[in-house]
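Q: Data: upload_5.txt, compact mmCIF, C-alpha atoms.
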```txt
# COMPACT_ATOMS: atom_id res chain seq x y z
CA MET A 1 0.00 0.00 0.00
CA LYS A 2 1.65 3.22 -1.15
CA GLU A 3 1.65 5.90 1.54
CA ARG A 4 0.39 8.60 -0.84
CA ASN A 5 -2.62 6.41 -1.74
CA LEU A 6 -3.40 5.43 1.86
CA PRO A 7 -6.11 8.08 2.53
CA LEU A 8 -7.85 7.29 -0.78
CA ILE A 9 -7.70 3.54 -0.15
CA LEU A 10 -9.06 3.90 3.39
CA PHE A 11 -11.84 6.17 2.12
CA ASN A 12 -12.91 3.60 -0.48
CA TYR A 13 -12.90 0.83 2.12
CA LEU A 14 -15.18 2.94 4.30
CA VAL A 15 -17.53 3.56 1.37
CA VAL A 16 -17.79 -0.16 0.53
CA TYR A 17 -18.20 -1.13 4.19
CA ILE A 18 -20.81 1.48 5.14
CA VAL A 19 -22.78 1.90 1.89
CA TRP A 20 -23.04 -1.79 1.00
CA GLY A 21 -23.75 -2.59 4.63
CA SER A 22 -26.64 -0.12 4.67
CA THR A 23 -28.16 -1.25 1.34
CA TYR A 24 -30.60 -3.71 2.94
CA PHE A 25 -31.82 -1.10 5.42
CA PHE A 26 -32.57 1.36 2.60
CA ILE A 27 -34.32 -1.36 0.57
CA LYS A 28 -36.60 -1.89 3.59
CA ILE A 29 -37.39 1.84 3.67
CA ALA A 30 -37.97 1.93 -0.10
CA VAL A 31 -40.53 -0.91 -0.13
CA SER A 32 -42.43 0.60 2.80
CA SER A 33 -44.49 2.67 0.32
CA ILE A 34 -43.20 1.71 -3.14
CA PRO A 35 -44.07 -1.69 -4.68
CA PRO A 36 -40.89 -3.83 -4.80
CA PHE A 37 -40.99 -4.24 -8.57
CA HIS A 38 -41.16 -0.46 -8.94
CA VAL A 39 -38.15 -0.11 -6.60
CA ILE A 40 -36.21 -2.53 -8.80
CA ALA A 41 -37.15 -0.64 -11.97
CA LEU A 42 -36.41 2.83 -10.61
CA ARG A 43 -33.20 1.83 -8.84
CA PHE A 44 -31.51 0.10 -11.75
CA PHE A 45 -32.76 2.40 -14.50
CA ALA A 46 -31.49 5.43 -12.57
CA GLY A 47 -28.28 3.60 -11.65
CA GLY A 48 -27.74 2.66 -15.31
CA LEU A 49 -28.21 6.27 -16.40
CA PHE A 50 -25.79 7.39 -13.68
CA PHE A 51 -23.15 4.91 -14.89
CA SER A 52 -23.77 6.01 -18.49
CA LEU A 53 -23.05 9.61 -17.51
CA ILE A 54 -19.81 8.59 -15.76
CA ILE A 55 -18.70 6.55 -18.79
CA LEU A 56 -19.39 9.43 -21.21
CA LEU A 57 -17.70 12.07 -19.05
CA SER A 58 -14.64 9.93 -18.33
CA GLY A 59 -14.26 8.72 -21.92
CA ARG A 60 -13.97 5.10 -20.79
CA LEU A 61 -15.88 3.72 -23.79
CA LYS A 62 -12.94 3.17 -26.14
CA GLN A 63 -14.71 0.47 -28.16
CA LEU A 64 -18.36 -0.44 -28.50
CA PRO A 65 -19.21 -3.91 -27.13
CA THR A 66 -20.44 -6.50 -29.61
CA ILE A 67 -24.10 -7.57 -29.80
CA LYS A 68 -23.15 -10.91 -28.25
CA GLU A 69 -21.38 -9.20 -25.34
CA ILE A 70 -24.38 -6.91 -24.77
CA LEU A 71 -26.82 -9.84 -24.75
CA THR A 72 -24.57 -11.86 -22.44
CA SER A 73 -24.21 -8.91 -20.09
CA ALA A 74 -27.99 -8.37 -20.09
CA PHE A 75 -28.54 -12.07 -19.33
CA LEU A 76 -26.13 -11.99 -16.39
CA GLY A 77 -27.73 -8.73 -15.27
CA ALA A 78 -31.11 -10.42 -15.16
CA MET A 79 -29.70 -13.17 -12.93
CA LEU A 80 -27.71 -10.81 -10.70
CA LEU A 81 -30.01 -7.81 -10.40
CA LEU A 82 -33.45 -9.31 -10.99
CA GLY A 83 -32.97 -12.86 -9.73
CA GLY A 84 -30.55 -11.72 -7.01
CA THR A 85 -31.11 -8.19 -5.69
CA GLY A 86 -34.65 -8.07 -7.11
CA LEU A 87 -35.88 -11.09 -5.16
CA VAL A 88 -34.29 -9.72 -1.99
CA THR A 89 -36.19 -6.47 -2.57
CA ILE A 90 -39.47 -8.37 -2.91
CA ALA A 91 -38.69 -10.48 0.18
CA GLU A 92 -37.93 -7.44 2.33
CA GLU A 93 -41.58 -6.44 2.32
CA LYS A 94 -41.86 -9.00 5.14
CA VAL A 95 -38.32 -10.18 5.97
CA GLU A 96 -36.26 -8.04 8.33
CA SER A 97 -33.45 -6.24 6.52
CA TYR A 98 -30.71 -7.58 8.81
CA MET A 99 -31.94 -11.16 8.30
CA ALA A 100 -31.75 -10.79 4.52
CA ALA A 101 -28.26 -9.29 4.84
CA LEU A 102 -26.98 -12.13 7.04
CA ILE A 103 -28.29 -14.83 4.69
CA ILE A 104 -26.85 -13.03 1.65
CA SER A 105 -23.51 -12.65 3.46
CA THR A 106 -22.92 -16.37 2.79
CA THR A 107 -22.64 -15.61 -0.95
CA PRO A 108 -18.90 -16.53 -1.01
CA VAL A 109 -19.91 -19.99 0.22
CA ALA A 110 -22.34 -20.46 -2.68
CA VAL A 111 -19.88 -18.99 -5.18
CA ALA A 112 -17.25 -21.52 -4.05
CA PHE A 113 -19.79 -24.30 -4.67
CA PHE A 114 -20.59 -23.11 -8.20
CA ASP A 115 -16.90 -22.46 -8.94
CA ARG A 116 -16.30 -26.13 -8.16
CA ILE A 117 -19.04 -27.19 -10.60
CA LEU A 118 -18.49 -24.70 -13.44
CA LEU A 119 -14.78 -23.90 -13.17
CA LYS A 120 -13.60 -27.19 -11.62
CA LYS A 121 -11.88 -25.31 -8.81
CA LYS A 122 -10.85 -27.65 -6.03
CA LEU A 123 -12.08 -27.09 -2.49
CA SER A 124 -9.68 -27.82 0.35
CA PHE A 125 -10.75 -29.52 3.55
CA LEU A 126 -10.60 -26.18 5.38
CA SER A 127 -12.80 -24.53 2.73
CA ILE A 128 -15.37 -27.32 2.93
CA THR A 129 -15.36 -27.06 6.72
CA GLY A 130 -15.90 -23.30 6.46
CA ILE A 131 -18.83 -23.84 4.09
CA VAL A 132 -20.45 -26.26 6.55
CA ILE A 133 -19.96 -23.82 9.44
CA GLY A 134 -21.42 -20.93 7.41
CA ILE A 135 -24.50 -22.92 6.40
CA SER A 136 -24.91 -23.98 10.05
CA GLY A 137 -24.95 -20.28 10.97
CA VAL A 138 -27.84 -19.63 8.57
CA GLY A 139 -29.65 -22.62 10.09
CA MET A 140 -29.09 -21.12 13.54
CA LEU A 141 -30.70 -17.84 12.39
CA LEU A 142 -33.76 -19.74 11.15
CA TYR A 143 -34.05 -21.91 14.28
CA ASN A 144 -36.91 -20.59 16.40
CA GLY A 145 -36.31 -22.89 19.37
CA HIS A 146 -38.46 -25.69 17.99
CA SER A 147 -37.70 -26.15 14.30
CA VAL A 148 -35.79 -24.67 11.37
CA LEU A 149 -38.46 -25.64 8.83
CA GLN A 150 -41.09 -23.45 10.52
CA SER A 151 -39.03 -20.38 9.62
CA PHE A 152 -38.97 -21.20 5.91
CA SER A 153 -41.56 -18.64 4.84
CA LEU A 154 -42.02 -17.79 1.16
CA GLU A 155 -39.95 -14.65 1.67
CA ILE A 156 -37.03 -16.52 3.26
CA ILE A 157 -37.11 -18.96 0.34
CA LEU A 158 -36.97 -15.96 -2.04
CA VAL A 159 -33.82 -14.70 -0.27
CA ILE A 160 -32.21 -18.14 -0.62
CA ILE A 161 -33.16 -18.27 -4.33
CA ALA A 162 -31.70 -14.77 -4.71
CA LEU A 163 -28.47 -15.93 -3.08
CA THR A 164 -28.34 -18.91 -5.46
CA SER A 165 -29.07 -16.80 -8.56
CA TRP A 166 -26.43 -14.18 -7.69
CA SER A 167 -23.80 -16.81 -6.86
CA PHE A 168 -24.45 -18.87 -9.99
CA ALA A 169 -24.26 -15.76 -12.21
CA THR A 170 -21.04 -14.68 -10.46
CA SER A 171 -19.37 -17.99 -11.32
CA LEU A 172 -20.92 -18.07 -14.79
CA GLY A 173 -19.51 -14.60 -15.45
CA HIS A 174 -16.00 -16.12 -15.49
CA VAL A 175 -17.05 -18.40 -18.37
CA LEU A 176 -19.14 -16.09 -20.56
CA LYS A 177 -17.63 -13.21 -22.53
CA THR A 178 -18.84 -9.78 -21.44
CA PRO A 179 -17.51 -6.24 -22.09
CA SER A 180 -13.97 -6.01 -20.71
CA ASP A 181 -14.65 -2.72 -18.91
CA ILE A 182 -16.37 -3.53 -15.60
CA LEU A 183 -18.19 -0.19 -15.52
CA VAL A 184 -19.57 -0.64 -19.06
CA ASN A 185 -20.63 -4.18 -18.19
CA SER A 186 -22.46 -3.02 -15.05
CA CYS A 187 -24.07 -0.15 -16.96
CA ILE A 188 -25.52 -2.56 -19.54
CA GLN A 189 -26.78 -4.85 -16.78
CA MET A 190 -28.49 -2.05 -14.86
CA LEU A 191 -29.98 -0.32 -17.90
CA SER A 192 -31.32 -3.56 -19.41
CA VAL A 193 -32.96 -4.70 -16.15
CA GLY A 194 -34.27 -1.23 -15.29
CA THR A 195 -35.66 -0.58 -18.79
CA ILE A 196 -37.40 -3.98 -19.07
CA CYS A 197 -38.95 -3.57 -15.60
CA LEU A 198 -40.17 -0.04 -16.42
CA LEU A 199 -41.72 -1.25 -19.69
CA ILE A 200 -43.51 -4.07 -17.86
CA ILE A 201 -44.87 -1.58 -15.31
CA LEU A 202 -46.06 0.81 -18.04
CA VAL A 203 -47.82 -2.01 -19.93
CA THR A 204 -49.45 -3.61 -16.88
CA LYS A 205 -50.13 -0.40 -14.94
CA PRO A 206 -51.30 2.33 -17.34
CA GLU A 207 -52.41 4.37 -14.31
CA ILE A 208 -48.72 4.66 -13.27
CA ILE A 209 -49.01 8.42 -12.56
CA ASP A 210 -51.65 7.71 -9.90
CA VAL A 211 -49.39 5.05 -8.40
CA PHE A 212 -46.47 7.51 -8.17
CA GLN A 213 -48.59 9.69 -5.90
CA THR A 214 -48.60 6.95 -3.25
CA TYR A 215 -44.80 6.99 -2.91
CA SER A 216 -43.57 8.59 0.29
CA MET A 217 -40.65 11.02 0.20
CA LYS A 218 -38.74 8.75 2.57
CA SER A 219 -39.04 5.83 0.15
CA LEU A 220 -38.08 7.96 -2.85
CA LEU A 221 -34.97 9.20 -1.03
CA ALA A 222 -34.10 5.59 -0.21
CA VAL A 223 -34.34 4.67 -3.91
CA ALA A 224 -32.18 7.68 -4.78
CA PHE A 225 -29.59 6.51 -2.25
CA LEU A 226 -29.60 2.99 -3.70
CA SER A 227 -29.32 4.31 -7.26
CA VAL A 228 -26.60 6.93 -6.83
CA ILE A 229 -24.68 6.28 -3.61
CA GLY A 230 -24.97 2.52 -4.13
CA SER A 231 -23.47 2.95 -7.60
CA LEU A 232 -20.64 5.07 -6.21
CA ALA A 233 -19.87 2.23 -3.79
CA PHE A 234 -19.40 -0.03 -6.80
CA LEU A 235 -16.82 2.42 -8.15
CA SER A 236 -15.03 2.25 -4.79
CA TYR A 237 -15.08 -1.53 -4.97
CA THR A 238 -13.64 -1.43 -8.51
CA PHE A 239 -10.88 0.91 -7.30
CA LEU A 240 -9.97 -1.45 -4.45
CA ILE A 241 -9.91 -4.48 -6.74
CA HIS A 242 -7.29 -2.71 -8.88
CA ASN A 243 -5.23 -1.33 -5.99
CA GLU A 244 -5.55 -3.79 -3.13
CA PRO A 245 -5.02 -7.56 -2.66
CA ALA A 246 -8.28 -9.45 -3.24
CA ILE A 247 -7.83 -11.26 0.07
CA ARG A 248 -8.09 -7.88 1.82
CA VAL A 249 -10.92 -6.51 -0.33
CA VAL A 250 -13.24 -9.42 0.55
CA SER A 251 -13.12 -8.23 4.16
CA TYR A 252 -16.37 -6.40 3.30
CA SER A 253 -18.05 -9.82 3.67
CA PHE A 254 -17.48 -9.55 7.43
CA VAL A 255 -18.25 -5.87 7.93
CA ASN A 256 -21.41 -5.47 5.79
CA PRO A 257 -23.63 -7.91 7.75
CA LEU A 258 -22.63 -6.33 11.07
CA ILE A 259 -23.57 -2.86 9.81
CA ALA A 260 -26.85 -4.25 8.43
CA VAL A 261 -27.69 -5.81 11.81
CA LEU A 262 -26.85 -2.57 13.64
CA LEU A 263 -28.97 -0.42 11.32
CA GLY A 264 -31.89 -2.85 11.18
CA ILE A 265 -32.19 -3.44 14.92
CA VAL A 266 -31.14 -0.04 16.31
CA LEU A 267 -32.57 2.38 13.71
CA GLY A 268 -35.19 0.17 12.07
CA LYS A 269 -36.43 -1.29 15.38
CA GLU A 270 -36.47 -4.73 13.76
CA LYS A 271 -37.07 -7.74 16.00
CA PRO A 272 -33.97 -9.92 16.64
CA VAL A 273 -34.37 -13.67 16.08
CA PRO A 274 -33.71 -15.90 19.15
CA TYR A 275 -30.29 -17.17 18.07
CA LEU A 276 -28.99 -14.06 16.30
CA ILE A 277 -25.59 -13.84 18.03
CA PRO A 278 -24.65 -17.55 17.63
CA GLY A 279 -25.81 -17.38 14.02
CA ILE A 280 -23.64 -14.33 13.27
CA ILE A 281 -20.62 -15.94 14.94
CA LEU A 282 -21.00 -19.16 12.93
CA ILE A 283 -21.52 -17.33 9.61
CA LEU A 284 -18.50 -15.05 10.09
CA THR A 285 -16.35 -17.93 11.37
CA GLY A 286 -17.29 -20.04 8.35
CA LEU A 287 -16.54 -17.18 5.96
CA PHE A 288 -13.19 -16.48 7.61
CA GLN A 289 -12.14 -20.12 7.46
CA MET A 290 -13.23 -20.48 3.85
CA LEU A 291 -11.53 -17.27 2.69
CA TYR A 292 -8.41 -17.24 4.86
CA GLY A 293 -8.05 -20.75 6.31
CA ASP A 294 -5.72 -22.12 3.65
CA LEU A 295 -3.61 -18.95 3.65
CA LEU A 296 -3.13 -19.09 7.42
CA PHE A 297 -2.39 -22.81 7.33
CA LYS A 298 0.27 -22.36 4.64
CA SER A 299 1.79 -19.40 6.52
CA ARG A 300 1.96 -21.44 9.74
CA LYS A 301 3.46 -24.41 7.89
CA LYS A 302 6.06 -22.15 6.26
CA LEU A 303 6.91 -20.60 9.65
CA ILE A 304 7.37 -24.04 11.22
CA CYS A 305 9.66 -25.15 8.36
CA THR A 306 11.70 -21.96 8.63
CA THR A 307 12.03 -22.39 12.40
CA LYS A 308 13.19 -25.98 12.01
CA LYS A 309 15.83 -24.97 9.46
CA GLY A 310 17.12 -22.29 11.80
CA HIS A 311 17.27 -24.72 14.76
CA PRO A 312 18.56 -28.09 13.55
```
The structure in this file should be written as structure tokens.
A:
Amino acid sequence: MKERNLPLILFNYLVVYIVWGSTYFFIKIAVSSIPPFHVIALRFFAGGLFFSLIILLSGRLKQLPTIKEILTSAFLGAMLLLGGTGLVTIAEEKVESYMAALIISTTPVAVAFFDRILLKKKLSFLSITGIVIGISGVGMLLYNGHSVLQSFSLEIILVIIALTSWSFATSLGHVLKTPSDILVNSCIQMLSVGTICLLIILVTKPEIIDVFQTYSMKSLLAVAFLSVIGSLAFLSYTFLIHNEPAIRVVSYSFVNPLIAVLLGIVLGKEKPVPYLIPGIILILTGLFQMLYGDLLFKSRKKLICTTKKGHP
């Protein structure tokens, strides 16, 4: 980490930690008066336009993507933003925001599973153990003192499907060819999902102007936050990916759920589930072991070998 870049790097970490951690809380506010499908449409259409403006002003579009790349990007966008974030938005009409955030925080676990299937990446014993611990943590969150199955409401199932869709698309993205520029790729994904959703709303709800009048200012501000500030957080994430080790960047997986829990319970007055603390501990422990277990094991093994060589 270069000293002159330290303030900028720390700032971008803070943005990713705080903004992405607060996303679920603002989704909850948005759907309090705006239909979830409308939130999806407005958020991603506005976010796509915002990215388009950044691309045009920065001159990043050196070469137009091919039709195949655009269609592939739109397909992945549907799985990520509609099947992933979209289903979470629908579920949060009834699911507490912190609960959705904690379940979604196990995304690296699901990505590792799909990487094994699609990319043939091997999973070490420590990684498999971490996956089991993480899944156990989700089970602990859903355990109400009598049964886990009783907590499987339709909305919880939607969150799990969203997790699966996002993870599958993340792994699939390494196989399919999309625009090389990450910002252009994300712009296409957001604009395609947002535009299609808006068209569906306009066709099925011709009285859309009347519907707009039911939106509260609080919900509209939440959508604006998700569209603009949420998009800026993606830029911060992109900056970190290019300037920081990936193993350090993924630390957001541990910070985001904690911020989501704090916002949901303290500010949103959401009701904690009975085994919230044990569930959080298991999820974060599983994530840590899966992401860093092998690295720590190799470092310890190397240290032991070095010590033995120095002391015959």
Q: Name the closest residue to Phe168 of chain A among the candidates A:Pro36, A:Pro7, A:Gly268, A:Gly84; distances are taken between atoms, counting only C-alpha atoms.
A: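 The answer is A:Gly84, which sits nearest to Phe168 of chain A.
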Q: Of the candidates A:Phe225, A:Tyr24, A:Phe254, A:Tyr275, which one gets nearest to Ala46 of chain A if we count only C-alpha atoms?
A: A:Phe225
Q: My list of candidates is A:Ala78, A:Trp20, A:Leu296, A:Phe44. Which is closest to Ala224 of chain A when distances are computed with all atoms listed in the file?
A: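 Answer, going by the shortest atom-to-atom distance: A:Phe44.
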Q: Write out, as a tab-separated table, each residue of segment 163-233 of chain A that has an atom at most 6 Å from segment 27-32 of chain A, together with the closest pair of atoms and their distance in Å to one decimal, counting only C-alpha atoms, rows going by chain and rising number.
A:
```
residue	atom	partner	partner_atom	distance
A:Ser219	CA	A:Ala30	CA	4.1
A:Ala222	CA	A:Ala30	CA	5.3
A:Val223	CA	A:Ala30	CA	5.9
```
Q: Selected residues, C-alpha atoms, written as an mmCIF file, in the frame of the given file, please.
A:
```cif
data_model
loop_
_atom_site.group_PDB
_atom_site.id
_atom_site.type_symbol
_atom_site.label_atom_id
_atom_site.label_comp_id
_atom_site.auth_asym_id
_atom_site.auth_seq_id
_atom_site.Cartn_x
_atom_site.Cartn_y
_atom_site.Cartn_z
ATOM 1 C CA SER A 219 -39.040 5.830 0.150
ATOM 2 C CA ALA A 222 -34.100 5.590 -0.210
ATOM 3 C CA VAL A 223 -34.340 4.670 -3.910
#
```
Q: Could you check which of A:Ile160, A:Met140, A:Met99, A:Ala169 is closest to Phe25 of chain A, using all atoms listed in the file?
A: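 Smallest distance to Phe25 of chain A is found for A:Met99.
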Q: As an exercise, work out the distance from atom CA of Ala162 of chain A to atom CA of Ile200 of chain A in Å and give it to one decimal place.
A: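 These two atoms are separated by 20.7 Å.
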Q: If I take atom CA of Leu267 of chain A and atom CA of Leu220 of chain A, how far is one from the other in Å, to one decimal?
A: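 Here the two named atoms are 18.3 Å from each other.
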Q: Return as JSON lines the residues of segment 218-304 of chain A lying at most 7 Å from segment 114-135 of chain A, together with the closest atom-to-atom pair for each and the distance in Å to one decimal, counting all atoms listed in the file, with rows in chain order and ascending residue number.
A:
```
{"residue": "A:Leu282", "atom": "CA", "partner": "A:Gly134", "partner_atom": "CA", "distance": 5.8}
{"residue": "A:Ile283", "atom": "CA", "partner": "A:Gly134", "partner_atom": "CA", "distance": 4.2}
{"residue": "A:Gly286", "atom": "CA", "partner": "A:Gly130", "partner_atom": "CA", "distance": 4.0}
{"residue": "A:Leu287", "atom": "CA", "partner": "A:Gly130", "partner_atom": "CA", "distance": 6.2}
{"residue": "A:Gln289", "atom": "CA", "partner": "A:Gly130", "partner_atom": "CA", "distance": 5.0}
{"residue": "A:Met290", "atom": "CA", "partner": "A:Ser127", "partner_atom": "CA", "distance": 4.2}
{"residue": "A:Gly293", "atom": "CA", "partner": "A:Leu126", "partner_atom": "CA", "distance": 6.1}
{"residue": "A:Asp294", "atom": "CA", "partner": "A:Leu126", "partner_atom": "CA", "distance": 6.6}
```
Q: Any idea what the distance is between atom CA of Lys94 of chain A and atom CA of Pro274 of chain A?
A: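 Distance between the two atoms: 17.6 Å.
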